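For reference, the structure is listed below as C-alpha cells.
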Amino acid sequence: MVESPAPSGSSGNGLISFAPHPPIAGAYAAPEQKRKFLNDIFDDTAQDYERVERWLSLGSGRWYRRQALVRAGLKPGMRIADVAIGTGLLAGEALTIIGSTGHLVGVDPSTQMMQLAKDRLGSQIQTVAGTAESLPFPDASFDFLSMGYALRHVEDVGNAFLEFHRVVRPGGRICILEITRPHTSLGRAALRLYLGTLSRLVGLFGRLAPRTPELWAYYWETIDKCLAPQRVLDALTLAGFTSVNRHVVGGLLSEYTAVRPGDPTSLLVSPREALSTFSSDILRPGLPQPRSVRSP
C-alpha cells in the first residue's frame, strides 16, 4: 500500500500533521495546489454527482448511510455538523433521524455543491463555506459531527480531527464514512474498473459534465493511496477522542466513530447560541466570515 508522505510537522497539541495521501499525478503536483483543484473539479461536476453516485452504489447508498449514522449514535433532536456536505446525500439521511427538533449545518468549500444541497433540502439545513481544518463554529457547538467519503479530500488529517474534537460538545460523537482500499490485487482492479468504467457508462443515459469521468478516476487514485485505517484510528485517539472504533461493511466501507470525553452537560456555548444563524458575532475570532448559500 502507498501511504501518505512522512508527517510534515506538529499541530501544536502533540498531534502530527499529515495529508491523507500523497499528491495525485495528473491532478496537482504539490499539496498547496490540492484545495484549488478540488474546488474547481467539484464545482464543475456538482450537477452529476448524485446521478453517478446512485449508479455506483446500485441504489443502496441512502439505506447504508442512514444505518451507519444510527450505528454511530445519531438520535432525534441532535445538533449535527455535516462536514464536506457536498450535495447533501449524507445530510438528507441525517435529517430523517434527527427530525424536526434537530438542527443540521453543512460545511463545504464548494459553493456549487452546497447550492445543490440547499436545493434538495431547503430550509431544513443551513450551509456555510469552510474546510475541515478550520470550522467556523464556536467550541462545543454540536452533539454530532459527520463526514461522508471526504476524509481523502482534506489537506491535514491531524488538524481536521482537532477541529472535530473542538466543535463537538463533551460527550458528543463523530462518524466518518470512507471507502477503504481492497486488500487483494483482484479487489483493487475490480474497484478501479468499477469506478472508472461505470461513471462513463452513466453518460450514455444522459449528458455528463466534461470533468465527471476525471473526478471518478481521481476518486480511485485517492482510495488506492489513502492512509491505512489504523493511522486514522491512531490520529483520532491523539486528537483526544475516546471509544475510537472502526466498523467495516463488505470489506470496503469503513465507519470510523469516536466520542469526545467529558461531562455532556458542560457546554461552552448555550444551545440557543449554537442553534443561531452562525452569524459573524459567534464565529471564531480571526476567521473570515463564511458565506451562507441560499436557494434562489
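Going by the C-alpha cells order, chains are called A, B, ..., each with residues numbered from 1, while ligands are numbered from 1 in the order shown.
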
Give me the residues within 6 Å of stretch 177-181 of chain A as a PDB file with N, CA and C atoms, in the first residue's frame, counting only C-alpha atoms and dropping any in the same chain fewer than 2 places off.
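Here's the written file result05.pdb:
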ATOM      1  N   GLY A 148     -18.929  12.322   5.157  1.00  0.00           N
ATOM      2  CA  GLY A 148     -19.186  11.210   4.259  1.00  0.00           C
ATOM      3  C   GLY A 148     -18.240  11.176   3.074  1.00  0.00           C
ATOM      4  N   TYR A 149     -17.320  10.225   3.077  1.00  0.00           N
ATOM      5  CA  TYR A 149     -16.437   9.956   1.947  1.00  0.00           C
ATOM      6  C   TYR A 149     -15.623  11.181   1.528  1.00  0.00           C
ATOM      7  N   ILE A 223      -8.421   6.680  -3.166  1.00  0.00           N
ATOM      8  CA  ILE A 223      -8.724   5.464  -2.403  1.00  0.00           C
ATOM      9  C   ILE A 223      -7.496   4.554  -2.368  1.00  0.00           C
ATOM     10  N   ASP A 224      -6.858   4.396  -3.511  1.00  0.00           N
ATOM     11  CA  ASP A 224      -5.709   3.499  -3.628  1.00  0.00           C
ATOM     12  C   ASP A 224      -4.523   3.972  -2.793  1.00  0.00           C
ATOM     13  N   LEU A 252     -15.074  -3.094   2.451  1.00  0.00           N
ATOM     14  CA  LEU A 252     -14.777  -1.913   1.642  1.00  0.00           C
ATOM     15  C   LEU A 252     -15.181  -0.607   2.306  1.00  0.00           C
ATOM     16  N   LEU A 253     -16.305  -0.607   3.004  1.00  0.00           N
ATOM     17  CA  LEU A 253     -16.846   0.616   3.594  1.00  0.00           C
ATOM     18  C   LEU A 253     -16.467   0.682   5.072  1.00  0.00           C
ATOM     19  N   SER A 254     -15.740   1.729   5.433  1.00  0.00           N
ATOM     20  CA  SER A 254     -15.295   1.916   6.812  1.00  0.00           C
ATOM     21  C   SER A 254     -16.120   3.002   7.493  1.00  0.00           C
ATOM     22  N   GLU A 255     -16.532   2.710   8.738  1.00  0.00           N
ATOM     23  CA  GLU A 255     -17.231   3.684   9.569  1.00  0.00           C
ATOM     24  C   GLU A 255     -16.363   3.941  10.793  1.00  0.00           C
TER      25      GLU A 255
END

Find the nearest atom pair between each residue of stretch 79-139 of chain A and stretch 26-36 of chain A for residues within 12 Å, count only C-alpha atoms, give distances in Å to one decimal, sort rows by chain and ascending number, and present the table as JSON lines.
{"residue": "A:Asp108", "atom": "CA", "partner": "A:Arg35", "partner_atom": "CA", "distance": 11.6}
{"residue": "A:Pro109", "atom": "CA", "partner": "A:Arg35", "partner_atom": "CA", "distance": 8.8}
{"residue": "A:Ser110", "atom": "CA", "partner": "A:Arg35", "partner_atom": "CA", "distance": 10.1}
{"residue": "A:Gly130", "atom": "CA", "partner": "A:Arg35", "partner_atom": "CA", "distance": 11.5}
{"residue": "A:Thr131", "atom": "CA", "partner": "A:Arg35", "partner_atom": "CA", "distance": 9.6}
{"residue": "A:Ala132", "atom": "CA", "partner": "A:Arg35", "partner_atom": "CA", "distance": 11.7}
{"residue": "A:Glu133", "atom": "CA", "partner": "A:Arg35", "partner_atom": "CA", "distance": 11.8}

If you keep N, CA and C atoms, can you produce a file of those selected residues as an mmCIF file, in the first residue's frame?
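This went into out00.cif:
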data_model
loop_
_atom_site.group_PDB
_atom_site.id
_atom_site.type_symbol
_atom_site.label_atom_id
_atom_site.label_comp_id
_atom_site.auth_asym_id
_atom_site.auth_seq_id
_atom_site.Cartn_x
_atom_site.Cartn_y
_atom_site.Cartn_z
ATOM 1 N N ASP A 108 -18.850 23.147 3.516
ATOM 2 C CA ASP A 108 -18.169 22.672 2.314
ATOM 3 C C ASP A 108 -17.464 23.858 1.651
ATOM 4 N N PRO A 109 -16.305 23.619 1.032
ATOM 5 C CA PRO A 109 -15.657 24.707 0.295
ATOM 6 C C PRO A 109 -16.242 24.933 -1.094
ATOM 7 N N SER A 110 -17.041 23.974 -1.597
ATOM 8 C CA SER A 110 -17.616 24.085 -2.940
ATOM 9 C C SER A 110 -18.981 24.752 -2.891
ATOM 10 N N GLY A 130 -16.563 26.511 4.228
ATOM 11 C CA GLY A 130 -15.480 26.253 5.160
ATOM 12 C C GLY A 130 -14.814 24.928 4.870
ATOM 13 N N THR A 131 -13.736 24.650 5.574
ATOM 14 C CA THR A 131 -12.995 23.404 5.413
ATOM 15 C C THR A 131 -12.914 22.665 6.745
ATOM 16 N N ALA A 132 -12.581 21.389 6.670
ATOM 17 C CA ALA A 132 -12.496 20.567 7.876
ATOM 18 C C ALA A 132 -11.424 21.050 8.829
ATOM 19 N N GLU A 133 -10.366 21.656 8.295
ATOM 20 C CA GLU A 133 -9.256 22.093 9.136
ATOM 21 C C GLU A 133 -9.516 23.418 9.835
#

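With only C-alpha atoms as the basis for measurement, A:Asp48 is the residue among A:Asp119, A:Asp234, A:Asp48, A:Glu93 that approaches A:Arg207 most closely.
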
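The two atoms in question, atom CA of A:Ala19 and atom CA of A:Gln67, are spaced 28.8 Å apart.
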
From stretch 108-272 of chain A, collect each residue whose DSSP state is helix (DSSP H, G or I) and return the set as a ChimeraX atom specification.
/A:111-124,151-153,157-167,185-205,212-225,229-238,271-272

Output as an MDAnalysis selection string all residues of stretch 121-172 of chain A that backbone DSSP marks as strand (DSSP E or B).
chainID A and resid 125:129 131 134 142:148 168:172

Kindly give the distance, in Å, that separates atom CA of A:Ala25 and atom CA of A:Leu215, rounded to a single decimal.
13.3 Å

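Compared by their closest atoms to A:Phe37, and using only C-alpha atoms, the residues A:Ala189, A:Ala81, A:Glu53, A:His153 rank with A:His153 nearest.
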
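Atom CA of A:Arg62 is positioned 29.4 Å from atom CA of A:Ile24.
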
Within 9 Å of A:Tyr49 using only C-alpha atoms, minus same-chain residues under 3 positions, as a ChimeraX atom specification:
/A:42,45-46,52-54,86-87,113,212

Limited to N, CA and C atoms, could you put the picked residues into a file as a tab-separated table (two decimals), in the first residue's frame?
chain	number	residue	atom	x	y	z
A	42	PHE	N	-15.01	19.93	-8.16
A	42	PHE	CA	-16.32	19.71	-7.54
A	42	PHE	C	-17.35	20.72	-8.05
A	45	THR	N	-18.43	19.58	-11.58
A	45	THR	CA	-19.14	18.30	-11.73
A	45	THR	C	-20.32	18.15	-10.78
A	46	ALA	N	-20.63	19.18	-10.01
A	46	ALA	CA	-21.67	19.08	-8.99
A	46	ALA	C	-23.00	18.56	-9.55
A	52	VAL	N	-24.42	9.89	-10.70
A	52	VAL	CA	-23.36	8.89	-10.79
A	52	VAL	C	-23.29	8.07	-9.51
A	53	GLU	N	-23.45	8.73	-8.36
A	53	GLU	CA	-23.37	8.02	-7.08
A	53	GLU	C	-24.47	6.96	-6.97
A	54	ARG	N	-25.67	7.27	-7.44
A	54	ARG	CA	-26.76	6.29	-7.37
A	54	ARG	C	-26.42	5.04	-8.17
A	86	GLY	N	-21.21	18.41	0.55
A	86	GLY	CA	-21.40	18.11	-0.86
A	86	GLY	C	-22.81	18.47	-1.30
A	87	THR	N	-23.46	17.54	-1.99
A	87	THR	CA	-24.83	17.79	-2.46
A	87	THR	C	-25.89	17.37	-1.45
A	113	MET	N	-21.67	22.69	-4.94
A	113	MET	CA	-22.17	21.52	-4.22
A	113	MET	C	-23.17	21.94	-3.15
A	212	THR	N	-16.51	14.99	-15.26
A	212	THR	CA	-17.04	13.96	-14.38
A	212	THR	C	-16.22	12.67	-14.42
